[in-house]
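The file coords.txt contains compact mmCIF, C-alpha atoms and all ligand atoms:
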```
# COMPACT_ATOMS: atom_id res chain seq x y z
CA MET V 1 28.88 14.88 -1.80
CA LEU V 2 25.49 13.25 -2.34
CA SER V 3 24.61 12.07 -5.82
CA GLN V 4 22.06 14.12 -7.70
CA ARG V 5 19.76 11.11 -7.61
CA ALA V 6 20.07 10.60 -3.86
CA ASN V 7 19.29 14.27 -3.41
CA GLU V 8 16.01 13.83 -5.25
CA PHE V 9 14.65 11.17 -2.89
CA THR V 10 11.82 12.67 -0.86
CA SER V 11 11.21 11.77 2.76
CA PHE V 12 8.08 10.45 4.42
CA ILE V 13 6.43 13.31 6.35
CA VAL V 14 4.53 10.82 8.51
CA MET V 15 7.92 9.89 9.98
CA ASP V 16 8.19 13.45 11.36
CA VAL V 17 4.84 12.97 13.07
CA MET V 18 6.00 9.62 14.45
CA ALA V 19 9.21 11.19 15.72
CA LYS V 20 7.16 13.86 17.48
CA ALA V 21 4.96 11.13 18.98
CA GLU V 22 8.03 9.31 20.25
CA GLU V 23 9.41 12.49 21.80
CA LEU V 24 6.11 13.07 23.63
CA GLU V 25 5.93 9.45 24.74
CA ARG V 26 9.44 9.67 26.16
CA LYS V 27 8.17 12.54 28.30
CA GLY V 28 5.42 10.26 29.61
CA GLU V 29 2.56 11.49 27.43
CA HIS V 30 -0.08 9.04 26.22
CA VAL V 31 -0.21 9.40 22.44
CA ILE V 32 -2.93 7.83 20.30
CA HIS V 33 -1.58 6.66 16.96
CA LEU V 34 -3.95 7.20 14.07
CA GLU V 35 -1.06 7.99 11.72
CA VAL V 36 0.51 4.59 11.23
CA GLY V 37 -0.30 2.31 8.33
CA GLU V 38 0.50 -0.94 10.06
CA PRO V 39 -1.90 -3.63 11.29
CA ASP V 40 -2.21 -3.72 15.07
CA PHE V 41 -2.94 -7.47 14.96
CA MET V 42 -0.39 -10.16 15.64
CA THR V 43 0.49 -12.45 12.74
CA PRO V 44 -1.89 -15.45 12.73
CA LYS V 45 -0.54 -18.43 14.68
CA VAL V 46 -0.73 -20.78 11.71
CA ILE V 47 1.80 -18.59 9.89
CA GLU V 48 4.13 -18.28 12.86
CA GLU V 49 4.05 -22.05 13.38
CA ALA V 50 4.94 -22.69 9.75
CA ALA V 51 8.00 -20.45 10.11
CA GLN V 52 9.05 -22.23 13.30
CA GLU V 53 8.56 -25.61 11.67
CA ALA V 54 10.63 -24.51 8.65
CA LEU V 55 13.41 -23.31 10.94
CA LYS V 56 13.36 -26.61 12.82
CA LYS V 57 13.77 -28.34 9.48
CA GLN V 58 16.74 -26.09 8.75
CA LYS V 59 15.17 -24.27 5.83
CA ILE V 60 18.03 -21.83 5.97
CA LYS V 61 19.76 -22.00 2.60
CA TYR V 62 19.43 -19.72 -0.39
CA THR V 63 16.39 -20.48 -2.52
CA HIS V 64 15.81 -20.08 -6.24
CA ALA V 65 16.27 -16.39 -7.12
CA LEU V 66 12.60 -16.12 -8.11
CA GLY V 67 11.58 -17.66 -4.78
CA LEU V 68 10.62 -21.14 -3.56
CA LEU V 69 8.70 -22.95 -6.24
CA GLU V 70 6.14 -24.05 -3.63
CA LEU V 71 5.45 -20.42 -2.71
CA ARG V 72 5.22 -19.29 -6.32
CA GLU V 73 2.80 -22.14 -6.99
CA ALA V 74 0.73 -21.10 -3.98
CA ILE V 75 0.61 -17.52 -5.34
CA CYS V 76 -0.57 -18.84 -8.73
CA GLU V 77 -3.27 -20.86 -6.98
CA TYR V 78 -4.28 -17.81 -4.91
CA TYR V 79 -4.58 -15.57 -7.98
CA TYR V 80 -6.58 -18.27 -9.75
CA ASN V 81 -8.98 -18.75 -6.85
CA GLU V 82 -9.41 -15.02 -6.20
CA TYR V 83 -9.44 -13.62 -9.73
CA HIS V 84 -9.60 -16.56 -12.15
CA VAL V 85 -6.34 -15.59 -13.79
CA SER V 86 -3.90 -18.30 -14.83
CA LEU V 87 -0.28 -17.60 -14.01
CA SER V 88 2.82 -19.73 -14.16
CA PRO V 89 5.43 -19.76 -11.38
CA ASP V 90 8.08 -18.32 -13.69
CA GLN V 91 6.06 -15.09 -13.83
CA ILE V 92 6.51 -14.49 -10.11
CA LEU V 93 9.38 -13.02 -8.15
CA VAL V 94 9.29 -13.33 -4.35
CA THR V 95 10.80 -10.30 -2.63
CA THR V 96 11.55 -9.03 0.87
CA GLY V 97 8.32 -7.05 1.12
CA THR V 98 6.37 -5.25 -1.55
CA SER V 99 8.76 -2.31 -1.64
CA PRO V 100 11.66 -4.08 -3.43
CA ALA V 101 9.14 -5.60 -5.86
CA LEU V 102 8.29 -2.02 -6.87
CA LEU V 103 11.95 -1.15 -7.31
CA PHE V 104 12.70 -4.23 -9.41
CA ALA V 105 9.66 -3.68 -11.64
CA MET V 106 10.87 -0.12 -12.32
CA LEU V 107 14.42 -1.33 -12.96
CA ALA V 108 13.11 -3.88 -15.46
CA ILE V 109 11.17 -1.43 -17.64
CA ILE V 110 12.49 2.14 -17.36
CA ASN V 111 15.13 3.63 -19.63
CA PRO V 112 16.75 6.90 -18.57
CA GLY V 113 14.40 9.78 -19.30
CA GLU V 114 11.27 7.65 -19.59
CA ASP V 115 8.39 8.45 -17.31
CA VAL V 116 5.77 6.74 -15.20
CA ILE V 117 2.33 8.22 -14.59
CA VAL V 118 1.34 8.50 -10.94
CA SER V 119 -1.63 10.20 -9.35
CA ASN V 120 -1.45 13.14 -7.01
CA PRO V 121 -2.17 12.25 -4.19
CA ARG V 122 -0.44 8.82 -4.02
CA TYR V 123 1.67 6.58 -1.80
CA PRO V 124 4.75 8.78 -1.29
CA CYS V 125 7.38 6.14 -2.08
CA TYR V 126 6.31 5.65 -5.68
CA GLN V 127 8.23 8.63 -7.01
CA ASN V 128 11.44 7.43 -5.37
CA PHE V 129 11.34 4.00 -7.01
CA ILE V 130 10.90 5.71 -10.37
CA ILE V 131 13.79 8.11 -9.70
CA ALA V 132 16.01 5.24 -8.50
CA ALA V 133 15.52 3.54 -11.86
CA GLY V 134 16.47 6.72 -13.73
CA GLY V 135 12.89 7.59 -14.68
CA LEU V 136 10.79 10.72 -14.45
CA VAL V 137 7.61 11.20 -12.47
CA ASN V 138 4.64 12.15 -14.64
CA GLU V 139 2.03 13.36 -12.19
CA ILE V 140 -1.72 13.67 -12.71
CA VAL V 141 -3.78 15.73 -10.30
CA THR V 142 -6.96 13.98 -9.17
CA TYR V 143 -10.02 15.40 -7.42
CA PRO V 144 -11.58 14.72 -4.02
CA GLU V 145 -15.16 14.61 -5.33
CA GLU V 146 -14.10 11.70 -7.57
CA GLY V 147 -12.33 9.84 -4.77
CA PHE V 148 -8.99 11.05 -6.19
CA GLN V 149 -9.27 8.58 -9.07
CA TYR V 150 -7.73 9.10 -12.52
CA ARG V 151 -9.79 10.69 -15.27
CA PRO V 152 -8.96 8.60 -18.36
CA ASP V 153 -8.90 11.78 -20.49
CA ASP V 154 -6.25 13.27 -18.24
CA ILE V 155 -4.14 10.13 -18.71
CA LYS V 156 -4.50 10.46 -22.50
CA LYS V 157 -3.33 14.08 -22.33
CA LYS V 158 -0.34 13.25 -20.16
CA ILE V 159 0.97 10.31 -22.16
CA THR V 160 4.11 11.11 -24.15
CA PRO V 161 6.23 8.82 -26.37
CA LYS V 162 8.42 8.39 -23.29
CA THR V 163 5.63 7.23 -20.97
CA LYS V 164 6.49 3.68 -19.99
CA ALA V 165 3.93 2.83 -17.36
CA ILE V 166 0.85 3.91 -15.44
CA MET V 167 0.89 3.31 -11.70
CA ILE V 168 -2.35 2.33 -9.99
CA ASN V 169 -3.11 1.44 -6.39
CA SER V 170 -6.45 -0.07 -5.39
CA PRO V 171 -7.48 -0.26 -2.57
CA CYS V 172 -5.60 2.96 -2.25
CA ASN V 173 -3.27 4.41 0.33
CA PRO V 174 -4.14 7.18 1.38
CA THR V 175 -7.77 7.28 0.20
CA GLY V 176 -9.11 3.78 0.96
CA ILE V 177 -10.88 3.93 -2.42
CA VAL V 178 -11.40 0.70 -4.37
CA MET V 179 -11.30 1.06 -8.16
CA SER V 180 -14.37 -0.31 -9.93
CA LYS V 181 -14.21 -3.03 -12.58
CA ASP V 182 -15.07 -0.37 -15.20
CA ALA V 183 -12.26 1.92 -14.08
CA LEU V 184 -9.73 -0.93 -14.22
CA GLN V 185 -10.99 -1.99 -17.64
CA THR V 186 -10.57 1.55 -18.92
CA ILE V 187 -7.01 1.78 -17.59
CA ALA V 188 -6.18 -1.61 -19.12
CA GLN V 189 -6.99 -0.14 -22.52
CA PHE V 190 -3.83 1.93 -22.39
CA ASP V 191 -1.97 -0.93 -24.00
CA LYS V 192 1.12 0.95 -25.16
CA GLN V 193 2.17 1.36 -21.55
CA PHE V 194 2.64 -1.16 -18.79
CA ILE V 195 0.25 -0.94 -15.89
CA ILE V 196 1.95 -1.27 -12.51
CA SER V 197 -0.76 -2.29 -10.09
CA ASP V 198 -0.02 -2.11 -6.39
CA GLU V 199 -2.47 -4.67 -4.96
CA ILE V 200 -1.03 -4.78 -1.44
CA TYR V 201 -4.39 -3.89 0.17
CA HIS V 202 -6.30 -6.56 -1.74
CA GLY V 203 -8.44 -8.65 0.57
CA LEU V 204 -8.98 -5.68 2.88
CA VAL V 205 -12.24 -4.65 1.21
CA TYR V 206 -15.53 -4.10 2.95
CA LYS V 207 -18.15 -3.82 0.21
CA GLU V 208 -17.53 -4.74 -3.42
CA ARG V 209 -14.78 -7.22 -4.25
CA ALA V 210 -11.48 -5.85 -5.57
CA HIS V 211 -10.52 -6.84 -9.09
CA SER V 212 -6.95 -7.50 -10.14
CA ILE V 213 -5.63 -5.66 -13.18
CA LEU V 214 -4.63 -9.11 -14.48
CA GLU V 215 -8.31 -9.83 -15.13
CA PHE V 216 -8.14 -7.21 -17.86
CA THR V 217 -4.61 -7.19 -19.27
CA ASP V 218 -1.42 -9.27 -19.27
CA LYS V 219 0.71 -6.21 -19.85
CA ALA V 220 0.95 -5.52 -16.17
CA PHE V 221 3.28 -5.75 -13.23
CA VAL V 222 1.36 -6.64 -10.10
CA ILE V 223 2.92 -5.77 -6.77
CA ASN V 224 1.56 -7.58 -3.76
CA GLY V 225 2.67 -8.84 -0.37
CA PHE V 226 1.89 -10.19 3.05
CA SER V 227 2.44 -7.10 5.22
CA LYS V 228 -1.11 -5.80 5.38
CA LEU V 229 -3.55 -8.68 4.80
CA TYR V 230 -1.71 -11.13 7.04
CA ALA V 231 -0.37 -8.58 9.56
CA MET V 232 3.22 -9.45 8.60
CA THR V 233 4.93 -6.06 8.18
CA GLY V 234 8.13 -7.05 9.98
CA TRP V 235 8.46 -10.40 8.24
CA ARG V 236 9.29 -8.63 4.96
CA LEU V 237 7.63 -10.76 2.33
CA GLY V 238 6.11 -9.68 -0.96
CA TYR V 239 6.08 -10.50 -4.64
CA CYS V 240 5.88 -9.18 -8.15
CA ILE V 241 3.89 -10.79 -10.97
CA PHE V 242 5.14 -9.82 -14.43
CA PRO V 243 4.62 -10.61 -18.13
CA LYS V 244 6.27 -13.92 -19.07
CA GLU V 245 8.98 -12.34 -21.21
CA PHE V 246 10.42 -10.66 -18.10
CA SER V 247 11.15 -13.94 -16.31
CA LYS V 248 14.85 -14.08 -17.11
CA VAL V 249 15.51 -10.42 -16.41
CA MET V 250 13.66 -10.43 -13.08
CA GLN V 251 15.65 -13.48 -12.08
CA ARG V 252 18.88 -11.73 -13.10
CA ILE V 253 18.03 -8.56 -11.21
CA HIS V 254 17.19 -10.49 -8.05
CA GLN V 255 20.19 -12.80 -8.28
CA ASN V 256 22.47 -9.79 -8.41
CA PHE V 257 20.87 -7.50 -5.87
CA MET V 258 19.33 -9.88 -3.32
CA ILE V 259 20.26 -13.48 -4.23
CA SER V 260 17.01 -14.68 -2.62
CA VAL V 261 14.51 -14.03 0.15
CA ASN V 262 14.79 -15.69 3.61
CA ASN V 263 14.05 -19.34 3.10
CA PHE V 264 11.99 -20.09 6.24
CA ILE V 265 9.93 -16.91 5.82
CA GLN V 266 8.86 -18.08 2.42
CA TRP V 267 7.42 -21.21 4.06
CA ALA V 268 5.43 -18.92 6.34
CA GLY V 269 4.10 -17.20 3.21
CA ILE V 270 2.81 -20.52 1.91
CA ALA V 271 0.94 -21.10 5.18
CA ALA V 272 -0.52 -17.59 4.96
CA LEU V 273 -1.93 -18.18 1.50
CA LYS V 274 -3.23 -21.65 2.26
CA TYR V 275 -4.34 -21.68 5.89
CA ALA V 276 -4.96 -18.16 7.19
CA LYS V 277 -8.31 -17.45 5.53
CA GLN V 278 -10.32 -17.51 8.76
CA ASP V 279 -7.82 -15.29 10.60
CA VAL V 280 -7.92 -12.80 7.73
CA GLU V 281 -11.71 -12.79 7.78
CA THR V 282 -11.75 -12.01 11.51
CA MET V 283 -9.33 -9.11 11.00
CA ARG V 284 -11.30 -7.86 8.01
CA GLN V 285 -14.53 -7.78 9.99
CA THR V 286 -12.83 -5.97 12.85
CA TYR V 287 -11.40 -3.36 10.46
CA ASN V 288 -14.84 -2.89 8.98
CA THR V 289 -16.46 -2.16 12.36
CA ARG V 290 -13.74 0.42 13.04
CA ARG V 291 -14.10 1.89 9.56
CA GLN V 292 -17.82 2.49 9.99
CA TYR V 293 -17.31 4.03 13.40
CA MET V 294 -14.51 6.29 12.22
CA ILE V 295 -16.41 7.54 9.19
CA GLU V 296 -19.48 8.38 11.27
CA ARG V 297 -17.49 10.20 13.94
CA LEU V 298 -15.38 12.20 11.47
CA GLN V 299 -18.46 13.30 9.56
CA ALA V 300 -20.22 14.31 12.77
CA MET V 301 -17.17 16.43 13.61
CA GLY V 302 -17.42 18.31 10.32
CA PHE V 303 -14.80 16.52 8.22
CA ILE V 304 -15.94 15.87 4.68
CA ILE V 305 -15.56 12.39 3.27
CA HIS V 306 -16.32 12.87 -0.40
CA VAL V 307 -16.42 9.21 -1.43
CA GLU V 308 -16.85 6.37 1.08
CA PRO V 309 -13.55 4.53 1.58
CA THR V 310 -14.29 0.81 1.28
CA GLY V 311 -10.80 -0.68 1.34
CA ALA V 312 -7.39 -0.70 3.08
CA PHE V 313 -7.53 0.85 6.58
CA TYR V 314 -7.55 4.57 5.92
CA VAL V 315 -9.97 7.47 5.83
CA PHE V 316 -8.68 10.47 3.90
CA ALA V 317 -10.77 13.27 5.33
CA ASP V 318 -11.21 16.76 3.92
CA ALA V 319 -10.20 19.13 6.73
CA ARG V 320 -10.16 22.29 4.62
CA ALA V 321 -12.99 23.75 6.72
CA PHE V 322 -10.57 23.78 9.68
CA CYS V 323 -7.16 24.20 8.15
CA SER V 324 -5.29 25.11 5.00
CA ASP V 325 -1.94 23.63 5.97
CA SER V 326 -2.27 19.93 6.80
CA TYR V 327 1.34 19.69 8.00
CA LYS V 328 0.87 22.44 10.59
CA GLU V 329 -2.51 21.01 11.57
CA ALA V 330 -1.11 17.52 12.15
CA PHE V 331 1.57 19.02 14.41
CA ASN V 332 -0.94 21.21 16.26
CA ILE V 333 -3.09 18.13 16.87
CA ILE V 334 -0.26 16.01 18.20
CA GLU V 335 1.15 18.81 20.34
CA LYS V 336 -2.17 19.92 21.81
CA VAL V 337 -4.13 16.67 22.20
CA LYS V 338 -1.50 13.98 21.58
CA VAL V 339 -3.05 12.26 18.60
CA GLY V 340 -0.94 11.30 15.58
CA VAL V 341 -2.53 11.82 12.16
CA THR V 342 -0.87 11.95 8.74
CA PRO V 343 -0.94 15.27 6.87
CA GLY V 344 -2.43 14.98 3.39
CA ILE V 345 0.48 16.91 1.91
CA ASP V 346 2.61 13.79 2.49
CA PHE V 347 0.83 12.24 -0.50
CA GLY V 348 1.20 15.18 -2.89
CA SER V 349 0.02 18.77 -3.33
CA ALA V 350 -3.56 17.67 -4.11
CA GLY V 351 -3.74 16.18 -0.60
CA GLN V 352 -3.17 19.56 1.02
CA GLY V 353 -5.91 20.34 3.56
CA PHE V 354 -6.65 16.63 4.07
CA LEU V 355 -5.74 14.37 6.97
CA ARG V 356 -5.27 10.62 6.76
CA PHE V 357 -6.67 8.64 9.67
CA SER V 358 -5.69 4.98 10.04
CA TYR V 359 -8.06 2.53 11.69
CA ALA V 360 -5.35 -0.09 12.13
CA THR V 361 -5.71 0.35 15.88
CA SER V 362 -8.27 -0.71 18.48
CA LEU V 363 -11.78 0.75 18.58
CA GLU V 364 -10.97 2.09 22.08
CA ASN V 365 -7.96 3.97 20.70
CA ILE V 366 -9.96 5.28 17.77
CA GLU V 367 -12.71 6.48 20.10
CA GLU V 368 -10.26 8.17 22.46
CA GLY V 369 -8.29 9.70 19.60
CA LEU V 370 -11.38 11.12 17.95
CA ASN V 371 -12.71 12.42 21.30
CA ARG V 372 -9.46 14.33 21.71
CA ILE V 373 -9.60 15.74 18.17
CA GLU V 374 -13.22 16.75 18.71
CA LYS V 375 -12.19 18.70 21.79
CA TYR V 376 -9.24 20.21 19.89
CA LEU V 377 -11.57 21.47 17.17
CA LYS V 378 -14.04 22.90 19.71
CA ASP V 379 -11.26 24.78 21.51
CA LYS V 380 -9.69 26.05 18.32
N1 LIG V 401 2.40 0.02 -1.23
C1 LIG V 401 1.57 0.69 -0.43
C2 LIG V 401 0.43 1.41 -1.04
C3 LIG V 401 1.80 0.72 0.95
O1 LIG V 401 0.96 1.41 1.74
C4 LIG V 401 2.92 0.05 1.49
C5 LIG V 401 3.25 0.08 2.97
N2 LIG V 401 2.93 1.20 3.66
C6 LIG V 401 3.77 -0.63 0.61
C7 LIG V 401 3.48 -0.63 -0.74
C8 LIG V 401 5.01 -1.35 1.08
O2 LIG V 401 4.73 -2.43 1.90
P1 LIG V 401 5.77 -3.58 2.28
O3 LIG V 401 7.09 -3.23 1.74
O4 LIG V 401 5.71 -3.70 3.76
O5 LIG V 401 5.22 -4.83 1.62
```
Turn this file's structure into structure tokens for me.
Amino acid sequence: MLSQRANEFTSFIVMDVMAKAEELERKGEHVIHLEVGEPDFMTPKVIEEAAQEALKKQKIKYTHALGLLELREAICEYYYNEYHVSLSPDQILVTTGTSPALLFAMLAIINPGEDVIVSNPRYPCYQNFIIAAGGLVNEIVTYPEEGFQYRPDDIKKKITPKTKAIMINSPCNPTGIVMSKDALQTIAQFDKQFIISDEIYHGLVYKERAHSILEFTDKAFVINGFSKLYAMTGWRLGYCIFPKEFSKVMQRIHQNFMISVNNFIQWAGIAALKYAKQDVETMRQTYNTRRQYMIERLQAMGFIIHVEPTGAFYVFADARAFCSDSYKEAFNIIEKVKVGVTPGIDFGSAGQGFLRFSYATSLENIEEGLNRIEKYLKDK
């Protein structure tokens, strides 16, 4: 029999859409993928070469449980250059992707029955990391007209003596919204709770620069990684930055559950931080061209985009004029015109009636996909 906890883990609805896409593709259909949140670019050469070089040098042993010192130093340097925050390497844990960093942060701070504030809508895995650590999900509904951002008063109302942390994600999946400096400063004032800031889409911003929560408070766990900015999803490399007093416990958690991250992949991470700036800039500009095109087309088709998404690679479009059930709509779209999109309900009840479009695919694919959806809506 499954444990009660295992039973509570929710699944990713987008996976159902992807399974449908695969089924159609097996039948020979040409499916356009606007549902996936994964860069279509190859990992920059300079990163790949660093991994190959490290392998040649037999960098194949366990590393320090917190990660290679050289990589942790490079992360410190990166956060100093980008945000002017001073970190020390013993405040950083290198993990196999951002996802375990989230789990370990939750394990480090949550006692049974304590809760973490998350927004509705949000990245669907958050609740499961909280549940895995024995915590409760304290959900705050946010509103499309405000770019689905927290209202500080709503946070105040939701905080209980058992609220341990507030989860933020900017640039945001699914909305593509970048939190302003003011909004981050306001959140940082909740100093009785930890802020867990998922900064995985940092660097993928197209207008204003993204601020790190660490510019405003030290009482934060920052979750970041290489998957998105450096097109390294399959490499599995991420990290967690935490308050100094958590150094020993984070080391202990990682020693026990993971021992360490792949040695030679950590060397690739160093190359990413130090030498891939130009590659990242080329990808960023390409995403931005696609973003502008996608926004214009969706608006022309009658989707409402309440607040311009200026980060990550998503547009979270209001489709309530066409549909009330985003799950059914996503399946109708893929069945009728063979385009994958992610139903807003995947991200929480407040996302119902919305569809998430990813522009992590070529402009040609985006154009073709949107042409097909335009036809679908006309024929509806
Ligand atoms: N946070 C957010 C908001 C994400 O969108 C993702 C990936 N979809 C992750 C974390 C996890 O990324 P990874 O484990 O590949 O670093």
Please, which residues in chain V fall within 6 Å of ligand LIG 401 (chain V) when counting all atoms listed in the file, and what is the closest atom pair and distance in Å to one decimal for each, ordered by chain then residue number, as a tab-separated table?
```
residue	atom	partner	partner_atom	distance
V:Gly37	CA	V:LIG401	N2	5.8
V:Gly97	CA	V:LIG401	O5	3.8
V:Thr98	CA	V:LIG401	O5	3.4
V:Ser99	CA	V:LIG401	O3	3.9
V:Tyr123	CA	V:LIG401	C2	5.4
V:Asn173	CA	V:LIG401	C2	5.0
V:Ile200	CA	V:LIG401	N1	5.9
V:Gly225	CA	V:LIG401	O5	5.2
V:Ser227	CA	V:LIG401	O4	4.9
V:Thr233	CA	V:LIG401	O4	5.1
V:Gly238	CA	V:LIG401	O5	5.6
```
Pairwise distance, atom CA of V:Phe303 with atom CA of V:Phe316, equals 9.6 Å
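Closest approach to V:Tyr126 among V:Ile196, V:Leu377, V:Ile177, V:Ile187 is made by V:Ile196 (distances from all atoms listed in the file).
With all atoms listed in the file as the atoms that count, the residue of V:Ala51, V:Met258, V:Ile270, V:Ala165 with the shortest distance to V:Phe104 is V:Met258.
Checking V:Ala65, V:Leu55, V:Ile117, V:Lys375 one by one against V:Phe257, counting only C-alpha atoms, you find the shortest gap at V:Ala65.
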Need the shell around stretch 71-75 of chain V: protein/DNA/RNA residues with any atom at most 12 Å away, counting all atoms listed in the file. Skip same-chain ones fewer than 3 positions apart. Format as a PyMOL selection string?
chain V and resi 63-68+78-83+85-95+222+224-226+237-241+261+263-275
Separating atom CA of V:Arg291 from atom CA of V:Tyr359, to the nearest tenth of an Å, is a gap of 6.4 Å
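With only C-alpha atoms as the atoms that count, the residue of V:Glu367, V:Glu335, V:Glu308, V:Asp115 with the shortest distance to V:Met294 is V:Glu367.
Distance annotation: of V:Val141, V:Cys125, V:Ile345, V:Leu229, the residue with the minimal separation from V:Lys277 is V:Leu229; atom set is all atoms listed in the file.
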